>>> print(open('structure22.cif').read())   # mmCIF, C-alpha atoms
data_final
loop_
_atom_site.label_atom_id
_atom_site.label_comp_id
_atom_site.auth_asym_id
_atom_site.auth_seq_id
_atom_site.Cartn_x
_atom_site.Cartn_y
_atom_site.Cartn_z
CA MET A 1 0.00 0.00 0.00
CA GLY A 2 3.09 2.23 -0.08
CA SER A 3 2.59 3.42 -3.66
CA GLN A 4 -1.03 4.29 -2.88
CA LYS A 5 0.13 6.63 -0.11
CA LYS A 6 3.17 7.94 -1.95
CA TRP A 7 1.53 8.38 -5.38
CA PRO A 8 -2.24 8.47 -4.88
CA VAL A 9 -4.41 8.12 -7.98
CA ARG A 10 -7.49 10.37 -8.01
CA LEU A 11 -9.42 10.36 -11.25
CA ILE A 12 -12.05 12.87 -12.29
CA PRO A 13 -15.28 11.37 -13.69
CA GLN A 14 -14.38 12.21 -17.31
CA ASP A 15 -11.03 10.44 -17.00
CA ARG A 16 -12.68 7.47 -15.36
CA GLU A 17 -15.23 7.20 -18.21
CA GLU A 18 -12.42 7.44 -20.76
CA LEU A 19 -10.45 4.67 -19.06
CA VAL A 20 -13.52 2.43 -18.91
CA ARG A 21 -14.02 3.06 -22.65
CA VAL A 22 -10.35 2.18 -23.30
CA THR A 23 -10.67 -1.11 -21.44
CA THR A 24 -14.01 -2.19 -22.94
CA THR A 25 -14.19 -0.94 -26.54
CA GLY A 26 -11.97 -0.71 -29.57
CA VAL A 27 -8.68 -2.32 -30.46
CA ARG A 28 -5.69 -1.19 -28.44
CA ARG A 29 -2.33 -2.50 -27.28
CA ALA A 30 -2.51 -4.89 -24.36
CA SER A 31 -0.11 -2.69 -22.38
CA VAL A 32 -2.43 0.33 -22.78
CA ILE A 33 -5.43 -1.66 -21.59
CA MET A 34 -3.44 -3.06 -18.67
CA ARG A 35 -2.32 0.42 -17.54
CA ALA A 36 -5.88 1.72 -17.84
CA ARG A 37 -7.14 -1.15 -15.67
CA VAL A 38 -4.43 -0.44 -13.11
CA LEU A 39 -5.42 3.23 -12.94
CA LEU A 40 -9.08 2.27 -12.49
CA ALA A 41 -8.17 -0.17 -9.72
CA LEU A 42 -5.96 2.39 -7.92
CA ASP A 43 -8.52 5.21 -8.18
CA THR A 44 -9.25 6.56 -4.68
CA SER A 45 -12.03 8.91 -5.79
CA VAL A 46 -14.63 6.10 -5.71
CA GLY A 47 -13.83 4.98 -2.20
CA GLU A 48 -11.43 2.71 -0.38
CA VAL A 49 -8.95 0.85 -2.55
CA ASP A 50 -7.98 -2.79 -2.02
CA SER A 51 -4.46 -3.65 -0.97
CA LYS A 52 -1.68 -3.79 -3.53
CA GLU A 53 -1.50 -7.57 -3.36
CA VAL A 54 -5.23 -8.00 -3.98
CA ILE A 55 -5.21 -5.59 -6.96
CA ALA A 56 -2.11 -7.25 -8.41
CA ALA A 57 -3.68 -10.70 -8.15
CA ARG A 58 -7.00 -9.53 -9.60
CA LEU A 59 -5.37 -7.80 -12.59
CA ASP A 60 -2.68 -10.46 -12.99
CA VAL A 61 0.17 -7.93 -12.80
CA SER A 62 3.05 -7.46 -10.41
CA GLY A 63 3.17 -5.06 -7.49
CA GLU A 64 6.00 -3.27 -9.30
CA THR A 65 3.68 -2.59 -12.25
CA LEU A 66 1.17 -1.00 -9.88
CA ARG A 67 3.90 1.16 -8.40
CA LEU A 68 5.26 2.25 -11.78
CA VAL A 69 1.83 3.17 -13.18
CA ALA A 70 0.96 5.17 -10.05
CA LYS A 71 4.35 6.91 -10.18
CA ARG A 72 3.94 7.76 -13.87
CA PHE A 73 0.44 9.13 -13.19
CA ALA A 74 1.91 11.43 -10.55
CA GLU A 75 4.83 12.45 -12.78
CA THR A 76 2.53 13.37 -15.68
CA GLY A 77 0.44 15.57 -13.43
CA GLY A 78 -2.63 13.36 -13.53
CA ASP A 79 -2.78 13.07 -17.33
CA VAL A 80 -4.32 9.66 -17.98
CA HIS A 81 -3.48 9.66 -21.69
CA ALA A 82 0.21 10.27 -21.00
CA THR A 83 0.13 7.61 -18.30
CA ILE A 84 -1.34 4.81 -20.40
CA ALA A 85 0.49 5.64 -23.65
CA ARG A 86 4.00 4.55 -24.56
CA LYS A 87 6.79 6.96 -23.80
CA LYS A 88 8.16 8.59 -26.92
CA ARG A 89 11.91 8.58 -27.24
CA ASP A 90 13.28 12.10 -27.71
CA LEU A 91 16.27 11.16 -29.80
CA PRO A 92 17.67 7.91 -31.09
CA PRO A 93 20.33 6.51 -28.76
CA VAL A 94 23.11 6.93 -31.30
CA PRO A 95 22.89 9.32 -34.24
CA SER A 96 23.26 7.68 -37.62
CA PRO A 97 26.69 8.13 -39.23
CA VAL A 98 25.02 8.29 -42.63
CA THR A 99 23.78 11.71 -43.71
CA GLY A 100 21.56 12.44 -46.68
CA GLU A 101 24.56 13.22 -48.88
CA GLY A 102 26.39 10.07 -47.80
CA GLU A 103 23.28 8.01 -48.45
CA ALA A 104 22.99 9.49 -51.95
CA ARG A 105 26.64 8.68 -52.67
CA LEU A 106 26.17 5.09 -51.46
CA MET A 107 23.16 4.70 -53.73
CA ALA A 108 25.09 6.14 -56.67
CA MET A 109 28.00 3.80 -55.98
CA ALA A 110 25.68 0.78 -55.75
CA CYS A 111 24.08 1.69 -59.10
CA SER A 112 27.41 2.32 -60.86
CA GLN A 113 29.66 -0.20 -62.57
CA PRO A 114 31.80 -2.26 -60.19
CA PRO A 115 35.60 -1.80 -60.27
CA GLN A 116 37.70 -3.60 -62.84
CA GLY A 117 37.98 -7.30 -62.07
CA TYR A 118 34.67 -7.56 -60.18
CA ALA A 119 31.37 -8.77 -61.61
CA ARG A 120 29.24 -6.83 -59.09
CA TRP A 121 29.37 -4.71 -55.96
CA SER A 122 29.43 -6.54 -52.63
CA LEU A 123 28.96 -4.91 -49.25
CA ARG A 124 32.58 -5.54 -48.31
CA LEU A 125 33.80 -4.08 -51.61
CA MET A 126 31.65 -0.99 -51.05
CA GLU A 127 33.07 -0.76 -47.52
CA LYS A 128 36.62 -0.67 -48.94
CA HIS A 129 35.75 2.04 -51.47
CA VAL A 130 33.95 4.15 -48.86
CA ALA A 131 37.05 3.91 -46.64
CA LEU A 132 39.20 5.20 -49.53
CA ALA A 133 36.98 8.26 -50.02
CA GLU A 134 38.30 11.10 -47.84
CA ASP A 135 35.05 13.07 -47.60
CA MET A 136 32.90 10.13 -46.39
CA PRO A 137 32.92 8.66 -42.88
CA ASP A 138 34.13 5.09 -42.53
CA LEU A 139 31.08 2.84 -42.63
CA ASP A 140 30.81 -0.80 -41.71
CA HIS A 141 29.46 -3.21 -44.33
CA SER A 142 26.41 -3.89 -42.17
CA THR A 143 25.63 -0.15 -42.03
CA ILE A 144 25.98 0.09 -45.80
CA GLY A 145 23.65 -2.90 -46.19
CA ARG A 146 21.10 -1.37 -43.85
CA VAL A 147 21.09 1.93 -45.78
CA LEU A 148 20.67 0.12 -49.09
CA LYS A 149 17.92 -2.08 -47.68
CA GLU A 150 15.99 0.96 -46.39
CA ARG A 151 15.97 2.32 -49.94
CA ASN A 152 15.06 -1.02 -51.56
CA CYS A 153 18.35 -1.17 -53.43
CA ALA A 154 19.62 -4.67 -54.12
CA LEU A 155 23.20 -5.40 -55.09
CA THR A 156 22.88 -7.66 -58.14
#
>>> encode(input="structure22.cif", output="structure tokens")
Amino acid sequence: MGSQKKWPVRLIPQDREELVRVTTTGVRRASVIMRARVLLALDTSVGEVDSKEVIAARLDVSGETLRLVAKRFAETGGDVHATIARKKRDLPPVPSPVTGEGEARLMAMACSQPPQGYARWSLRLMEKHVALAEDMPDLDHSTIGRVLKERNCALT
């Protein structure tokens, strides 16, 4: 019952109706429905709330899930939509080494004739030629393959 004292969940009637609608109608992610059910179960505006163990057993979730949902509800300032939705990542964890210009040059290289003595471009051969170019960052063959795959370019 610690999370219920530390991060109490008080829903206004409109939010409660919205959460009931989320759990009963439409097609949504299971995680969204689960968080909505947790918020409804932890809501203190309708009266006394069961213990954490009873709620966890009834909803088939862990006590940690109850704590995290209650904490996120408090952190979002009582916004139920922000609580039940997935967190959006601000930035990718590592910026891509391939810029638009580099991507265009890779595509042009893949579409050009292979060097003398080779029947076609391979990812490792492209990796060697990219490393020889001074104005392009060194790219791994897997990165080159990923860029070409994103643009539906096949090395044939």
>>> closest_residue(input="structure22.cif", among="A:Thr23, A:Thr83, A:Thr99, A:Thr156", to="Tyr118 (chain A)", atoms="only C-alpha atoms")
A:Thr156
>>> residues_around(input="structure22.cif", residues="Leu155 (chain A)", least_positions_apart="2", cutoff="8 Å", atoms="only C-alpha atoms", output="list of chain:residue names")
A:Ala110, A:Arg120, A:Trp121, A:Ser122, A:Cys153
>>> resolve_selection(input="structure22.cif", expression="the PyMOL selection byres ((chain A and resi 64) around 12)", output="list in words")
Met1, Gly2, Ser3, Val38, Lys52, Glu53, Ile55, Ala56, Asp60, Val61, Ser62, Gly63, Thr65, Leu66, Arg67, Leu68, Val69, Ala70 and Lys71 of chain A
>>> atom_distance(input="structure22.cif", atom1="CA of Ser31 (chain A)", atom2="CA of Pro95 (chain A)")
28.5 Å
>>> closest_residue(input="structure22.cif", among="A:Gly117, A:Pro8, A:Gly100, A:Pro137", to="Ala74 (chain A)", atoms="all atoms listed in the file")
A:Pro8
>>> atom_distance(input="structure22.cif", atom1="CA of Asp43 (chain A)", atom2="CA of Arg72 (chain A)")
13.9 Å
>>> resolve_selection(input="structure22.cif", expression="the PyMOL selection byres ((chain A and resi 16-20) around 12)", output="ChimeraX atom specification")
/A:9-15,21-26,32-46,78-81,83-85
